[in-house]
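Undergrad: work29.cif (mmCIF, C-alpha atoms (C1' of nucleotides)) pasted underneath:
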```cif
data_input
loop_
_atom_site.label_atom_id
_atom_site.label_comp_id
_atom_site.auth_asym_id
_atom_site.auth_seq_id
_atom_site.Cartn_x
_atom_site.Cartn_y
_atom_site.Cartn_z
CA MET X 13 0.00 0.00 0.00
CA ALA X 14 1.48 3.26 -1.18
CA SER X 15 0.62 5.28 1.89
CA ASN X 16 2.95 3.12 3.93
CA ASP X 17 5.70 4.99 2.14
CA PHE X 18 4.45 8.21 3.60
CA ASN X 19 7.29 9.91 5.36
CA LEU X 20 6.54 13.17 7.08
CA SER X 21 10.11 14.43 6.91
CA ASP X 22 10.05 14.22 3.11
CA PHE X 23 6.64 15.78 2.75
CA LEU X 24 6.85 19.19 1.13
CA PRO X 25 4.20 21.00 3.16
CA TYR X 26 5.79 19.76 6.37
CA ARG X 27 9.29 20.68 5.30
CA LEU X 28 8.23 24.17 4.31
CA SER X 29 6.32 24.61 7.51
CA VAL X 30 9.22 23.57 9.71
CA LEU X 31 11.69 25.62 7.74
CA ALA X 32 9.55 28.74 7.80
CA ALA X 33 8.87 28.41 11.50
CA ARG X 34 12.53 28.07 12.35
CA MET X 35 13.55 30.96 10.19
CA SER X 36 10.81 33.18 11.57
CA LYS X 37 11.82 32.32 15.08
CA GLU X 38 15.45 33.15 14.38
CA LEU X 39 14.53 36.38 12.67
CA SER X 40 12.25 37.44 15.47
CA LYS X 41 15.28 37.73 17.71
CA VAL X 42 16.17 40.78 15.65
CA TYR X 43 12.95 42.72 16.16
CA GLY X 44 11.27 40.89 19.01
CA GLU X 45 12.92 41.24 22.34
CA PRO X 46 15.11 44.24 21.38
CA TYR X 47 12.25 46.40 20.12
CA GLY X 48 9.20 44.75 21.60
CA LEU X 49 7.68 44.08 18.20
CA SER X 50 5.57 41.09 17.27
CA THR X 51 5.75 39.55 13.82
CA PRO X 52 2.60 41.33 12.60
CA GLU X 53 3.93 44.61 13.95
CA TRP X 54 7.27 44.08 12.25
CA ARG X 55 5.58 43.35 8.95
CA VAL X 56 3.31 46.35 9.17
CA LEU X 57 6.09 48.70 10.15
CA THR X 58 8.19 47.38 7.31
CA HIS X 59 5.50 47.99 4.80
CA VAL X 60 4.50 51.39 6.10
CA ALA X 61 8.14 52.43 6.10
CA HIS X 62 7.84 53.12 2.39
CA ARG X 63 6.48 56.47 3.56
CA GLU X 64 3.22 56.35 1.70
CA LYS X 65 -0.08 56.85 3.41
CA MET X 66 -2.11 53.69 3.23
CA SER X 67 -5.22 52.06 4.62
CA VAL X 68 -5.51 48.95 6.74
CA ARG X 69 -6.81 47.14 3.70
CA GLU X 70 -3.80 48.00 1.60
CA ILE X 71 -1.47 46.90 4.35
CA ARG X 72 -3.39 43.71 4.85
CA VAL X 73 -2.88 42.40 1.34
CA SER X 74 0.75 43.46 1.27
CA VAL X 75 1.78 41.71 4.44
CA SER X 76 -0.42 38.59 4.27
CA LEU X 77 -2.26 39.12 7.51
CA ASP X 78 -5.94 39.19 8.27
CA LYS X 79 -7.84 42.32 9.17
CA PRO X 80 -7.83 41.96 12.94
CA SER X 81 -4.10 41.31 13.04
CA VAL X 82 -3.34 44.43 11.06
CA SER X 83 -5.79 46.46 13.10
CA ARG X 84 -4.16 45.39 16.34
CA ALA X 85 -0.65 45.81 15.01
CA VAL X 86 -1.46 49.32 13.84
CA ALA X 87 -2.99 50.14 17.21
CA LYS X 88 0.09 49.00 19.07
CA LEU X 89 2.49 50.72 16.72
CA GLU X 90 0.54 53.93 17.06
CA LYS X 91 0.63 53.67 20.81
CA ALA X 92 4.37 53.20 20.58
CA GLY X 93 4.60 56.31 18.42
CA LEU X 94 5.97 54.47 15.39
CA LEU X 95 3.13 55.37 13.09
CA ALA X 96 0.24 57.82 12.92
CA LYS X 97 -3.40 57.18 12.14
CA SER X 98 -5.86 59.66 10.72
CA THR X 99 -9.12 59.28 8.92
CA CYS X 100 -9.08 59.78 5.20
CA ALA X 101 -10.75 63.02 4.23
CA ARG X 102 -12.21 61.64 1.01
CA ASP X 103 -13.64 58.50 2.64
CA HIS X 104 -14.20 58.49 6.34
CA ARG X 105 -14.25 54.71 6.46
CA LEU X 106 -10.61 54.59 5.51
CA LEU X 107 -7.60 55.27 7.65
CA GLU X 108 -4.52 57.01 6.48
CA ILE X 109 -1.67 55.26 8.16
CA GLU X 110 1.75 56.76 7.98
CA VAL X 111 5.10 56.05 9.52
CA THR X 112 6.45 58.60 11.97
CA GLU X 113 10.02 59.81 12.25
CA LYS X 114 10.46 57.60 15.26
CA GLY X 115 9.02 54.69 13.31
CA LEU X 116 11.43 55.26 10.46
CA GLU X 117 14.28 55.46 12.90
CA VAL X 118 13.39 52.12 14.43
CA PHE X 119 12.90 50.61 11.01
CA HIS X 120 16.31 51.79 9.90
CA ARG X 121 17.86 50.16 12.89
CA ILE X 122 16.10 46.84 12.36
CA ALA X 123 16.17 46.48 8.60
CA PRO X 124 19.94 46.12 8.21
CA GLU X 125 19.98 43.43 10.86
CA ALA X 126 17.13 41.62 9.15
CA LEU X 127 18.94 41.79 5.83
CA ALA X 128 22.11 40.61 7.52
CA PHE X 129 20.26 37.62 8.86
CA GLU X 130 18.93 36.80 5.43
CA GLU X 131 22.38 37.26 3.98
CA ALA X 132 23.88 34.98 6.59
CA VAL X 133 21.50 32.25 5.52
CA LEU X 134 21.97 32.84 1.82
CA ASN X 135 25.71 32.92 2.19
CA ALA X 136 25.67 29.16 1.91
CA PHE X 137 24.40 29.46 -1.65
CA SER X 138 26.01 30.47 -4.90
CA ALA X 139 24.51 33.19 -7.04
CA GLN X 140 23.07 30.56 -9.31
CA GLU X 141 21.54 28.66 -6.44
CA ARG X 142 19.97 31.82 -5.14
CA GLU X 143 18.33 32.37 -8.47
CA GLN X 144 17.10 28.80 -8.45
CA LEU X 145 15.67 29.24 -5.00
CA ASP X 146 14.01 32.48 -5.95
CA ALA X 147 12.51 30.97 -9.08
CA LEU X 148 11.31 27.83 -7.35
CA LEU X 149 9.62 29.72 -4.55
CA THR X 150 7.94 32.00 -7.04
CA ARG X 151 6.70 29.03 -8.99
CA LEU X 152 5.36 27.41 -5.85
CA GLN X 153 3.53 30.57 -5.01
CA ASP X 154 2.10 30.69 -8.53
CA VAL X 155 0.94 27.10 -8.41
CA LEU X 156 -0.89 27.72 -5.16
CA ASP X 157 -2.39 30.89 -6.56
CA ALA X 158 -3.63 28.98 -9.55
CA GLN X 159 -5.10 26.19 -7.44
CA THR X 160 -6.63 28.38 -4.82
CA GLY X 161 -7.61 31.54 -6.52
CA THR X 162 -5.32 34.43 -5.84
CA GLY X 163 -6.97 35.18 -2.46
CA MET T 3 20.51 54.16 3.01
CA ALA T 4 20.42 50.46 2.20
CA SER T 5 17.44 49.67 4.35
CA ASN T 6 15.26 51.78 2.09
CA ASP T 7 15.63 48.94 -0.38
CA PHE T 8 13.99 46.62 2.06
CA ASN T 9 11.09 44.93 0.35
CA LEU T 10 9.07 42.52 2.41
CA SER T 11 7.82 40.56 -0.60
CA ASP T 12 11.40 39.70 -1.58
CA PHE T 13 12.48 38.83 1.92
CA LEU T 14 13.21 35.14 2.26
CA PRO T 15 11.80 34.55 5.74
CA TYR T 16 8.61 36.30 4.75
CA ARG T 17 8.27 34.42 1.50
CA LEU T 18 8.78 31.09 3.19
CA SER T 19 6.35 31.97 5.92
CA VAL T 20 3.62 32.96 3.50
CA LEU T 21 4.22 29.98 1.29
CA ALA T 22 4.21 27.51 4.15
CA ALA T 23 1.07 29.01 5.62
CA ARG T 24 -0.81 28.80 2.37
CA MET T 25 0.27 25.27 1.68
CA SER T 26 -0.60 24.15 5.19
CA LYS T 27 -3.98 25.73 4.91
CA GLU T 28 -4.67 23.99 1.62
CA LEU T 29 -3.46 20.68 2.93
CA SER T 30 -5.54 20.94 6.06
CA LYS T 31 -8.62 20.67 3.91
CA VAL T 32 -7.63 17.05 3.42
CA TYR T 33 -7.46 16.04 7.07
CA GLY T 34 -9.19 18.91 8.83
CA GLU T 35 -12.88 19.16 8.27
CA PRO T 36 -13.31 15.64 6.85
CA TYR T 37 -11.68 13.85 9.77
CA GLY T 38 -11.72 16.44 12.52
CA LEU T 39 -7.95 16.46 12.87
CA SER T 40 -5.80 19.45 13.74
CA THR T 41 -2.35 19.87 12.25
CA PRO T 42 -0.57 18.53 15.36
CA GLU T 43 -2.92 15.55 15.38
CA TRP T 44 -2.32 14.86 11.72
CA ARG T 45 1.42 14.98 12.22
CA VAL T 46 1.33 12.71 15.24
CA LEU T 47 -0.94 10.19 13.57
CA THR T 48 1.29 10.17 10.53
CA HIS T 49 4.36 9.47 12.54
CA VAL T 50 2.79 6.86 14.77
CA ALA T 51 1.40 5.11 11.70
CA HIS T 52 4.80 3.50 11.22
CA ARG T 53 3.46 0.97 13.71
CA GLU T 54 6.26 1.24 16.23
CA LYS T 55 5.61 1.95 19.85
CA MET T 56 7.08 5.29 20.80
CA SER T 57 7.13 7.87 23.57
CA VAL T 58 5.91 11.44 23.48
CA ARG T 59 9.50 12.54 23.41
CA GLU T 60 10.29 10.51 20.31
CA ILE T 61 7.23 11.82 18.56
CA ARG T 62 8.04 15.37 19.55
CA VAL T 63 11.39 15.49 17.81
CA SER T 64 10.06 13.71 14.74
CA VAL T 65 7.17 16.03 14.11
CA SER T 66 8.66 19.37 15.22
CA LEU T 67 6.15 20.17 17.91
CA ASP T 68 6.59 21.08 21.52
CA LYS T 69 5.74 18.82 24.41
CA PRO T 70 2.31 20.23 25.25
CA SER T 71 1.16 20.08 21.64
CA VAL T 72 2.11 16.44 21.31
CA SER T 73 0.60 15.61 24.67
CA ARG T 74 -2.69 17.20 23.72
CA ALA T 75 -2.69 15.69 20.25
CA VAL T 76 -2.07 12.23 21.68
CA ALA T 77 -4.86 12.73 24.20
CA LYS T 78 -7.33 13.67 21.51
CA LEU T 79 -6.28 10.89 19.16
CA GLU T 80 -6.62 8.37 21.97
CA LYS T 81 -10.07 9.67 22.79
CA ALA T 82 -10.97 9.24 19.12
CA GLY T 83 -9.66 5.69 19.24
CA LEU T 84 -6.92 6.28 16.67
CA LEU T 85 -4.07 5.38 18.97
CA ALA T 86 -3.49 3.65 22.29
CA LYS T 87 -1.44 4.80 25.26
CA SER T 88 0.15 2.61 27.89
CA THR T 89 2.95 3.16 30.35
CA CYS T 90 6.28 1.66 29.52
CA ALA T 91 7.08 -1.29 31.77
CA ARG T 92 10.80 -0.56 31.90
CA ASP T 93 10.37 3.12 32.70
CA HIS T 94 7.13 4.28 34.17
CA ARG T 95 7.76 7.87 33.16
CA LEU T 96 7.51 6.93 29.51
CA LEU T 97 4.44 6.23 27.48
CA GLU T 98 4.18 3.60 24.80
CA ILE T 99 2.06 5.11 22.10
CA GLU T 100 0.82 2.92 19.32
CA VAL T 101 -1.52 3.32 16.41
CA THR T 102 -4.76 1.32 16.51
CA GLU T 103 -6.41 -0.47 13.62
CA LYS T 104 -8.88 2.34 13.35
CA GLY T 105 -6.03 4.83 13.37
CA LEU T 106 -4.28 2.99 10.58
CA GLU T 107 -7.47 2.89 8.62
CA VAL T 108 -7.93 6.63 8.90
CA PHE T 109 -4.30 7.20 8.04
CA HIS T 110 -4.61 5.06 4.93
CA ARG T 111 -7.52 7.11 3.80
CA ILE T 112 -5.81 10.43 4.36
CA ALA T 113 -2.26 9.70 3.22
CA PRO T 114 -3.05 9.15 -0.47
CA GLU T 115 -4.94 12.41 -0.58
CA ALA T 116 -2.10 14.22 1.10
CA LEU T 117 0.35 12.75 -1.38
CA ALA T 118 -1.98 13.67 -4.21
CA PHE T 119 -2.01 17.24 -3.00
CA GLU T 120 1.77 17.33 -2.88
CA GLU T 121 1.91 15.78 -6.32
CA ALA T 122 -0.53 18.33 -7.69
CA VAL T 123 1.79 21.08 -6.50
CA LEU T 124 4.95 19.40 -7.73
CA ASN T 125 3.39 18.66 -11.08
CA ALA T 126 4.43 22.11 -12.15
CA PHE T 127 8.07 21.11 -11.81
CA SER T 128 10.35 18.91 -13.85
CA ALA T 129 12.25 16.06 -12.25
CA GLN T 130 15.35 18.19 -12.24
CA GLU T 131 13.56 21.10 -10.62
CA ARG T 132 12.22 18.82 -7.94
CA GLU T 133 15.70 17.71 -7.15
CA GLN T 134 16.82 21.31 -6.99
CA LEU T 135 13.99 22.17 -4.65
CA ASP T 136 14.73 19.20 -2.44
CA ALA T 137 18.42 20.06 -2.31
CA LEU T 138 17.85 23.73 -1.62
CA LEU T 139 15.40 23.10 1.20
CA THR T 140 17.77 20.60 2.73
CA ARG T 141 20.59 23.11 2.56
CA LEU T 142 18.46 25.79 4.14
CA GLN T 143 17.61 23.43 6.95
CA ASP T 144 21.28 22.63 7.40
CA VAL T 145 22.27 26.27 7.50
CA LEU T 146 19.74 26.98 10.21
CA ASP T 147 20.87 23.93 12.11
CA ALA T 148 24.43 25.15 11.95
CA GLN T 149 23.53 28.66 13.07
CA THR T 150 21.14 27.67 15.78
CA GLY T 151 22.37 24.43 17.16
CA THR T 152 20.41 21.47 15.97
CA GLY T 153 17.52 22.14 18.37
"C1'" DT Q 6 -33.72 61.94 -1.77
"C1'" DT Q 7 -33.66 57.56 0.23
"C1'" DA Q 8 -33.75 52.81 1.36
"C1'" DG Q 9 -30.72 48.73 0.78
"C1'" DA Q 10 -26.27 46.71 -0.22
"C1'" DA Q 11 -21.44 46.91 0.31
"C1'" DT Q 12 -17.05 48.21 2.48
"C1'" DC Q 13 -14.05 49.72 6.20
"C1'" DG Q 14 -11.90 49.02 10.59
"C1'" DT Q 15 -12.79 47.41 15.35
"C1'" DT Q 16 -14.26 44.33 18.72
"C1'" DT Q 17 -15.94 40.05 20.65
"C1'" DC Q 18 -15.42 35.37 21.59
"C1'" DA Q 19 -13.95 30.84 21.30
"C1'" DC Q 20 -9.94 28.39 20.24
"C1'" DT Q 21 -5.08 27.49 19.88
"C1'" DT Q 22 -0.16 28.05 21.56
"C1'" DG Q 23 3.85 27.92 24.11
"C1'" DC Q 24 6.22 28.84 28.34
"C1'" DA Q 25 6.60 27.63 32.90
"C1'" DA Q 26 5.28 25.12 36.88
"C1'" DC Q 27 4.03 20.69 38.53
"C1'" DG Q 28 3.82 15.67 40.26
"C1'" DA Q 29 5.61 11.21 39.20
"C1'" DA Q 30 9.37 8.36 38.21
"C1'" DT Q 31 14.21 7.29 37.48
"C1'" DA Q 32 19.29 8.10 37.55
"C1'" DG Q 33 23.41 9.67 39.72
"C1'" DC Q 34 26.22 10.24 43.63
"C1'" DC Q 35 27.78 10.07 48.24
"C1'" DG W 16 20.16 2.81 50.83
"C1'" DG W 17 18.95 7.68 50.75
"C1'" DC W 18 19.22 12.41 48.92
"C1'" DT W 19 19.54 15.32 45.06
"C1'" DA W 20 19.20 16.15 40.23
"C1'" DT W 21 17.15 14.99 35.98
"C1'" DT W 22 13.62 13.45 32.82
"C1'" DC W 23 8.90 12.37 31.58
"C1'" DG W 24 4.26 13.82 30.40
"C1'" DT W 25 0.47 16.86 31.97
"C1'" DT W 26 -1.71 21.02 33.24
"C1'" DG W 27 -2.28 26.18 34.22
"C1'" DC W 28 -2.14 30.37 32.42
"C1'" DA W 29 -1.35 34.32 29.71
"C1'" DA W 30 -0.91 35.80 25.06
"C1'" DG W 31 -1.98 35.34 20.25
"C1'" DT W 32 -5.26 34.15 16.31
"C1'" DG W 33 -9.05 34.15 13.22
"C1'" DA W 34 -14.07 33.86 12.08
"C1'" DA W 35 -18.02 36.31 12.69
"C1'" DA W 36 -20.68 40.18 14.46
"C1'" DC W 37 -20.80 45.08 14.82
"C1'" DG W 38 -21.24 50.29 14.06
"C1'" DA W 39 -19.96 53.71 10.88
"C1'" DT W 40 -19.58 55.30 6.35
"C1'" DT W 41 -20.18 55.21 1.43
"C1'" DC W 42 -22.09 53.40 -2.86
"C1'" DT W 43 -26.03 51.96 -5.79
"C1'" DA W 44 -30.30 52.43 -7.77
"C1'" DA W 45 -34.76 53.63 -7.95
#
```
Since I need it in another form, could you write the structure as structure tokens?
TA:
Amino acid sequence: MASNDFNLSDFLPYRLSVLAARMSKELSKVYGEPYGLSTPEWRVLTHVAHREKMSVREIRVSVSLDKPSVSRAVAKLEKAGLLAKSTCARDHRLLEIEVTEKGLEVFHRIAPEALAFEEAVLNAFSAQEREQLDALLTRLQDVLDAQTGTG
Amino acid sequence: MASNDFNLSDFLPYRLSVLAARMSKELSKVYGEPYGLSTPEWRVLTHVAHREKMSVREIRVSVSLDKPSVSRAVAKLEKAGLLAKSTCARDHRLLEIEVTEKGLEVFHRIAPEALAFEEAVLNAFSAQEREQLDALLTRLQDVLDAQTGTG
DNA sequence: TTAGAATCGTTTCACTTGCAACGAATAGCC
DNA sequence: GGCTATTCGTTGCAAGTGAAACGATTCTAA
């Protein structure tokens, strides 16, 4: 029976899950304890750091989090003074969320460390292998998009 | 300033995290609603399905979950009659956990679907690309092991 | 205009998680 | 042998998560 061959450690969804969890945990040492940021907060800050005003909805799709997570992350970041909220004049349902100077400052302290972490991991790979990895991950993403609907 | 280049959607930890989350969510449709299994339960059942008696500790390292998660998963699977717990005669601290006939039956219904899901994803890749993907993921795992200590 | 549908962000609530504390059992050491 | 340290699995608890409900606002269409 074929399912007797089933080996969790070779199973792609499991491997990806374990890998992603470990990497996220390592990375969180950069922004977590030192700056008191959670993963959603780090993602939101990172995205908002592009300096454009944006709504919760725009952030949500860009950082792959659900509405409540973004809402809470924004609330905490605002409380910490890292971003500013105001209601959009043209549409009072929308928020205009914008990074503050303090937020940018924090971001510019974290980002290089985050990139250094990524670089430390990718150091084990040649330029060609990096391209392969990039391409394969993109393809995986595309396959899932095609199967699921781009949700 | 280099950190202005920071783009979350190109950032490896983020990409892996999003990819793994989506794939896990898709996969969970196979074992989740139909069989009432959570992800920890699915992993534990899968590992125990090898038919060997094993302790919580052994399961834990094999399925990348922490102690409480395995303990709770085992408790629920036992309640559902999919595995059996007994205390080890040689060491009363240890449990001997073993899959039941019913557990095997459920496993043999789920596993082919899980493999089919994996296959459907990997269908987009050539044999060579699959090997590349396998090798790259293994290397990533190794790099993290080396940096972290094999946890 | 003006009702009804849709969208936005927040909040509620039930559920899951993971760390730490715990009791039970064994191993190590004097 | 007895005392301490360690390991095992469970449980308590606080924090995080996501689906659904909610009020507020805007859009649609008559």
Undergrad: When distances are computed from only C-alpha atoms, which of T:Cys90, T:Val50, T:Ala137, T:Ala113 shows the smallest separation from chain X?
TA: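 Closest residue, counting only C-alpha atoms: T:Ala113.
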Undergrad: Under the rule that all atoms listed in the file are counted, which of W:DC42, W:DA36, W:DC23, W:DC18 is the nearest residue to chain T?
TA: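 Closest candidate: W:DC23.
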Undergrad: Counting all atoms listed in the file, what is within 7 Å of range 10-25 of chain T, bar same-chain residues fewer than 4 positions away, as a ChimeraX atom specification?
TA: /X:25,28-29,32,35-36,58-59,76,130,153 /T:29
Undergrad: Give as a PyMOL selection string the residues that the PyMOL selection byres ((chain Q) within 9 of (chain T)) matches when applied to the coordinates above.
TA: chain Q and resi 22-23+29-31
Undergrad: Please dump the current selection as a compact mmCIF listing (two decimals), in the frame of the given file; keep C-alpha atoms (C1' of nucleotides).
TA:
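Just written: again30.txt:
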```txt
# COMPACT_ATOMS: atom_id res chain seq x y z
C1' DT Q 22 -0.16 28.05 21.56
C1' DG Q 23 3.85 27.92 24.11
C1' DA Q 29 5.61 11.21 39.20
C1' DA Q 30 9.37 8.36 38.21
C1' DT Q 31 14.21 7.29 37.48
```
Undergrad: Select, from W:DT26, W:DT21, W:DT32, W:DT41, the residue with the minimum atom-to-atom distance to chain T, counting only C-alpha atoms (C1' of nucleotides).
TA: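 Of W:DT26, W:DT21, W:DT32, W:DT41, the one nearest chain T is W:DT26, counting only C-alpha atoms (C1' of nucleotides).
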Undergrad: Pick from T:Arg62, T:Arg45, T:Lys55, T:Arg111: nearest to chain W, with only C-alpha atoms (C1' of nucleotides) counted?
TA: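 Selected residue with least distance to chain W: T:Arg62.
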Undergrad: Taking all atoms listed in the file into account, what are the residues of chain W at most 12 Å from chain X, put as JSON, numbers by chain?
TA: {"W": [30, 31, 32, 33, 34, 35, 38, 39, 40, 41, 42]}
Undergrad: Extract, using only C-alpha atoms (C1' of nucleotides), all DNA, RNA and protein residues at most 12 Å from DA26 in chain Q, discarding same-chain residues fewer than 4 positions from it, and format them as a ChimeraX atom specification.
TA: /W:25-28
Undergrad: For the atom pair CA of Phe18 in chain X and CA of Leu124 in chain T, what is the interatomic distance in Å to one decimal place?
TA: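 We find that CA of Phe18 in chain X and CA of Leu124 in chain T lie 15.9 Å from each other.
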